[in-house]
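Take a look at the structure set out below.
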Amino acid sequence: MSGSDLVPKAEALLGFARRAGRLAIGSSAIEASLRKRRCRLLIFAQDASRWTVRHLASQAFRAGVPVVAFSTRNRLGQILGRGLVAAIGVDDPQFAASLRDTLASIPDARRISEEELFPRSRKPRRGRQGAK
C-alpha cells in the first residue's frame, strides 16, 4: 500500500479507538492519561499551536511515549465527531502499535523528536563575565 492509501486506514483506526473508549482527547484528558501511565502514543494535528505541542510533548517524552504529527485539527475533529481537535492520546497498546506502524508509512505524518522541540544549547552557560 502506498502512503496515501494508508491515510483512510489511520483515520479508521482512530475512529475504532474512539468508539472503544481508548482515546484521551484534549489537554486535560491527555495530561491525566500520561500521569496515570496509560498513554501509549500521542498524536498532534500538524497545525496545533506550538505551546500545546511543547506542553504535552514534554510530559510525553518524560513518560517515554512516542509523539507523532498527523493531519489537521479540523480533520481530526471530523474523524472523532467533535470540533477542532489538536491532540489525541492513545491509551490502548494494540491501537497505539497499529497506528504507529501505519503513520510511519504515511509521508505527511512525521515523528516528533525531543531534540526538535527542545534543542540543546550549543554553548554551556557560564557565570557572570568580568565579575571580580
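Just remember, in the C-alpha cells the first chain shown is A, the second B, etc., residues are 1-based per chain, and ligands are 1-based in the order shown.
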- Can you list, as a VMD selection string, every protein, DNA or RNA residue that comes within 10 Å of stretch 97-103 of chain A when you count only C-alpha atoms, leaving out same-chain residues fewer than 6 positions away? chain A and resid 3 6 to 7 9 to 14 40 to 43 66 to 70 90 109 to 111
Please extract the residues of stretch 12-112 of chain A with a backbone DSSP assignment of alpha helix (DSSP H) and present them as an mmCIF file with N, CA and C atoms, in the first residue's frame.
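Saved the output as result26.cif:
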```cif
data_model
loop_
_atom_site.group_PDB
_atom_site.id
_atom_site.type_symbol
_atom_site.label_atom_id
_atom_site.label_comp_id
_atom_site.auth_asym_id
_atom_site.auth_seq_id
_atom_site.Cartn_x
_atom_site.Cartn_y
_atom_site.Cartn_z
ATOM 1 N N ALA A 12 -9.530 5.336 10.170
ATOM 2 C CA ALA A 12 -10.441 4.293 10.652
ATOM 3 C C ALA A 12 -9.982 3.765 12.017
ATOM 4 N N LEU A 13 -8.681 3.567 12.182
ATOM 5 C CA LEU A 13 -8.158 3.106 13.470
ATOM 6 C C LEU A 13 -8.481 4.103 14.583
ATOM 7 N N LEU A 14 -8.349 5.405 14.280
ATOM 8 C CA LEU A 14 -8.689 6.424 15.278
ATOM 9 C C LEU A 14 -10.178 6.357 15.629
ATOM 10 N N GLY A 15 -11.020 6.161 14.618
ATOM 11 C CA GLY A 15 -12.452 6.045 14.861
ATOM 12 C C GLY A 15 -12.795 4.837 15.713
ATOM 13 N N PHE A 16 -12.158 3.698 15.414
ATOM 14 C CA PHE A 16 -12.382 2.480 16.201
ATOM 15 C C PHE A 16 -11.941 2.690 17.660
ATOM 16 N N ALA A 17 -10.772 3.300 17.832
ATOM 17 C CA ALA A 17 -10.251 3.534 19.179
ATOM 18 C C ALA A 17 -11.174 4.469 19.965
ATOM 19 N N ARG A 18 -11.740 5.477 19.293
ATOM 20 C CA ARG A 18 -12.672 6.380 19.966
ATOM 21 C C ARG A 18 -13.910 5.620 20.422
ATOM 22 N N ARG A 19 -14.465 4.812 19.529
ATOM 23 C CA ARG A 19 -15.667 4.050 19.873
ATOM 24 C C ARG A 19 -15.389 3.025 20.981
ATOM 25 N N SER A 27 -6.314 18.474 26.168
ATOM 26 C CA SER A 27 -5.147 18.622 27.039
ATOM 27 C C SER A 27 -5.321 17.985 28.410
ATOM 28 N N SER A 28 -6.424 18.275 29.085
ATOM 29 C CA SER A 28 -6.570 17.757 30.447
ATOM 30 C C SER A 28 -6.706 16.236 30.463
ATOM 31 N N ALA A 29 -7.423 15.658 29.505
ATOM 32 C CA ALA A 29 -7.552 14.198 29.431
ATOM 33 C C ALA A 29 -6.205 13.551 29.110
ATOM 34 N N ILE A 30 -5.430 14.173 28.228
ATOM 35 C CA ILE A 30 -4.114 13.628 27.875
ATOM 36 C C ILE A 30 -3.165 13.730 29.063
ATOM 37 N N GLU A 31 -3.190 14.861 29.777
ATOM 38 C CA GLU A 31 -2.331 15.011 30.953
ATOM 39 C C GLU A 31 -2.644 13.936 31.988
ATOM 40 N N ALA A 32 -3.938 13.671 32.222
ATOM 41 C CA ALA A 32 -4.331 12.622 33.180
ATOM 42 C C ALA A 32 -3.868 11.250 32.700
ATOM 43 N N SER A 33 -4.011 10.984 31.413
ATOM 44 C CA SER A 33 -3.588 9.705 30.844
ATOM 45 C C SER A 33 -2.079 9.511 30.985
ATOM 46 N N LEU A 34 -1.308 10.567 30.747
ATOM 47 C CA LEU A 34 0.149 10.490 30.896
ATOM 48 C C LEU A 34 0.534 10.313 32.361
ATOM 49 N N ARG A 35 -0.145 11.035 33.236
ATOM 50 C CA ARG A 35 0.140 10.941 34.667
ATOM 51 C C ARG A 35 -0.130 9.524 35.198
ATOM 52 N N ARG A 50 2.088 25.788 18.903
ATOM 53 C CA ARG A 50 3.410 25.400 19.404
ATOM 54 C C ARG A 50 3.378 25.175 20.915
ATOM 55 N N TRP A 51 2.622 26.016 21.639
ATOM 56 C CA TRP A 51 2.535 25.867 23.088
ATOM 57 C C TRP A 51 1.919 24.523 23.451
ATOM 58 N N THR A 52 0.832 24.152 22.797
ATOM 59 C CA THR A 52 0.173 22.875 23.070
ATOM 60 C C THR A 52 1.122 21.712 22.824
ATOM 61 N N VAL A 53 1.816 21.756 21.696
ATOM 62 C CA VAL A 53 2.748 20.677 21.351
ATOM 63 C C VAL A 53 3.860 20.588 22.384
ATOM 64 N N ARG A 54 4.485 21.710 22.710
ATOM 65 C CA ARG A 54 5.596 21.689 23.666
ATOM 66 C C ARG A 54 5.134 21.256 25.054
ATOM 67 N N HIS A 55 3.983 21.758 25.478
ATOM 68 C CA HIS A 55 3.474 21.463 26.824
ATOM 69 C C HIS A 55 3.189 19.969 26.993
ATOM 70 N N LEU A 56 2.433 19.383 26.075
ATOM 71 C CA LEU A 56 2.070 17.972 26.197
ATOM 72 C C LEU A 56 3.221 17.050 25.809
ATOM 73 N N ALA A 57 3.983 17.430 24.786
ATOM 74 C CA ALA A 57 5.089 16.578 24.341
ATOM 75 C C ALA A 57 6.163 16.457 25.413
ATOM 76 N N SER A 58 6.409 17.520 26.182
ATOM 77 C CA SER A 58 7.426 17.430 27.231
ATOM 78 C C SER A 58 7.040 16.358 28.247
ATOM 79 N N GLN A 59 5.746 16.288 28.586
ATOM 80 C CA GLN A 59 5.281 15.251 29.510
ATOM 81 C C GLN A 59 5.380 13.860 28.869
ATOM 82 N N ALA A 60 5.057 13.782 27.573
ATOM 83 C CA ALA A 60 5.138 12.503 26.867
ATOM 84 C C ALA A 60 6.579 12.005 26.801
ATOM 85 N N PHE A 61 7.520 12.898 26.515
ATOM 86 C CA PHE A 61 8.927 12.492 26.439
ATOM 87 C C PHE A 61 9.410 11.971 27.790
ATOM 88 N N ARG A 62 9.003 12.637 28.879
ATOM 89 C CA ARG A 62 9.392 12.172 30.219
ATOM 90 C C ARG A 62 8.835 10.775 30.505
ATOM 91 N N ALA A 63 7.640 10.499 29.960
ATOM 92 C CA ALA A 63 6.998 9.194 30.181
ATOM 93 C C ALA A 63 7.440 8.149 29.157
ATOM 94 N N ARG A 73 -6.257 19.905 12.638
ATOM 95 C CA ARG A 73 -7.224 19.957 13.748
ATOM 96 C C ARG A 73 -8.646 19.722 13.246
ATOM 97 N N ASN A 74 -8.955 20.317 12.104
ATOM 98 C CA ASN A 74 -10.294 20.170 11.534
ATOM 99 C C ASN A 74 -10.577 18.709 11.166
ATOM 100 N N ARG A 75 -9.636 18.066 10.481
ATOM 101 C CA ARG A 75 -9.838 16.685 10.041
ATOM 102 C C ARG A 75 -9.903 15.722 11.231
ATOM 103 N N LEU A 76 -9.040 15.909 12.223
ATOM 104 C CA LEU A 76 -9.092 15.054 13.411
ATOM 105 C C LEU A 76 -10.431 15.223 14.120
ATOM 106 N N GLY A 77 -10.939 16.441 14.172
ATOM 107 C CA GLY A 77 -12.252 16.677 14.761
ATOM 108 C C GLY A 77 -13.354 15.963 14.000
ATOM 109 N N GLN A 78 -13.278 15.983 12.673
ATOM 110 C CA GLN A 78 -14.275 15.288 11.858
ATOM 111 C C GLN A 78 -14.231 13.782 12.107
ATOM 112 N N ILE A 79 -13.032 13.224 12.166
ATOM 113 C CA ILE A 79 -12.867 11.783 12.387
ATOM 114 C C ILE A 79 -13.476 11.365 13.725
ATOM 115 N N LEU A 80 -13.295 12.218 14.732
ATOM 116 C CA LEU A 80 -13.729 11.876 16.085
ATOM 117 C C LEU A 80 -15.121 12.404 16.418
ATOM 118 N N PRO A 93 -2.540 -0.337 24.016
ATOM 119 C CA PRO A 93 -1.261 -0.717 23.398
ATOM 120 C C PRO A 93 -1.399 -1.250 21.971
ATOM 121 N N GLN A 94 -2.457 -2.015 21.686
ATOM 122 C CA GLN A 94 -2.621 -2.567 20.335
ATOM 123 C C GLN A 94 -3.000 -1.484 19.328
ATOM 124 N N PHE A 95 -3.926 -0.606 19.703
ATOM 125 C CA PHE A 95 -4.274 0.508 18.820
ATOM 126 C C PHE A 95 -3.051 1.394 18.589
ATOM 127 N N ALA A 96 -2.290 1.646 19.657
ATOM 128 C CA ALA A 96 -1.105 2.503 19.537
ATOM 129 C C ALA A 96 -0.077 1.882 18.586
ATOM 130 N N ALA A 97 0.157 0.580 18.707
ATOM 131 C CA ALA A 97 1.128 -0.090 17.836
ATOM 132 C C ALA A 97 0.664 -0.057 16.382
ATOM 133 N N SER A 98 -0.619 -0.333 16.144
ATOM 134 C CA SER A 98 -1.144 -0.302 14.779
ATOM 135 C C SER A 98 -1.061 1.100 14.181
ATOM 136 N N LEU A 99 -1.438 2.096 14.970
ATOM 137 C CA LEU A 99 -1.375 3.479 14.482
ATOM 138 C C LEU A 99 0.067 3.907 14.236
ATOM 139 N N ARG A 100 0.963 3.544 15.145
ATOM 140 C CA ARG A 100 2.372 3.912 14.984
ATOM 141 C C ARG A 100 2.931 3.324 13.691
ATOM 142 N N ASP A 101 2.638 2.054 13.412
ATOM 143 C CA ASP A 101 3.118 1.407 12.187
ATOM 144 C C ASP A 101 2.492 2.037 10.942
ATOM 145 N N THR A 102 1.197 2.300 11.009
ATOM 146 C CA THR A 102 0.502 2.896 9.861
ATOM 147 C C THR A 102 1.000 4.310 9.595
ATOM 148 N N LEU A 103 1.113 5.108 10.650
ATOM 149 C CA LEU A 103 1.559 6.502 10.482
ATOM 150 C C LEU A 103 3.009 6.576 10.003
ATOM 151 N N ALA A 104 3.828 5.601 10.359
ATOM 152 C CA ALA A 104 5.230 5.596 9.914
ATOM 153 C C ALA A 104 5.335 5.460 8.401
#
```
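Distances from A:Gly26, A:Ile106, A:Gly64, A:Arg38 to A:Leu84 were compared using only C-alpha atoms, and the smallest one belongs to A:Gly26.
The coordinates place atom CA of A:Asp5 at 22.7 Å from atom CA of A:Val85.
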- Query: Which of these, A:Gly89, A:Lys36, A:Asp47, A:Arg82, has the shortest distance to A:Arg22 once you count only C-alpha atoms?
  - Reply: A:Gly89
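Atom pair atom CA of A:Ser105 / atom CA of A:Thr72 has a distance of 17.6 Å (rounded to one decimal).
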- Item | Separation of atom CA of A:Leu117 from atom CA of A:Ile88, in Å and rounded to one decimal | 18.1 Å
- Option closest in space to A:Ala20, from A:Phe44, A:Asp92, A:Ile112, A:Ser71 [counting only C-alpha atoms]: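 Among A:Phe44, A:Asp92, A:Ile112, A:Ser71, it is A:Asp92 that comes nearest to A:Ala20.
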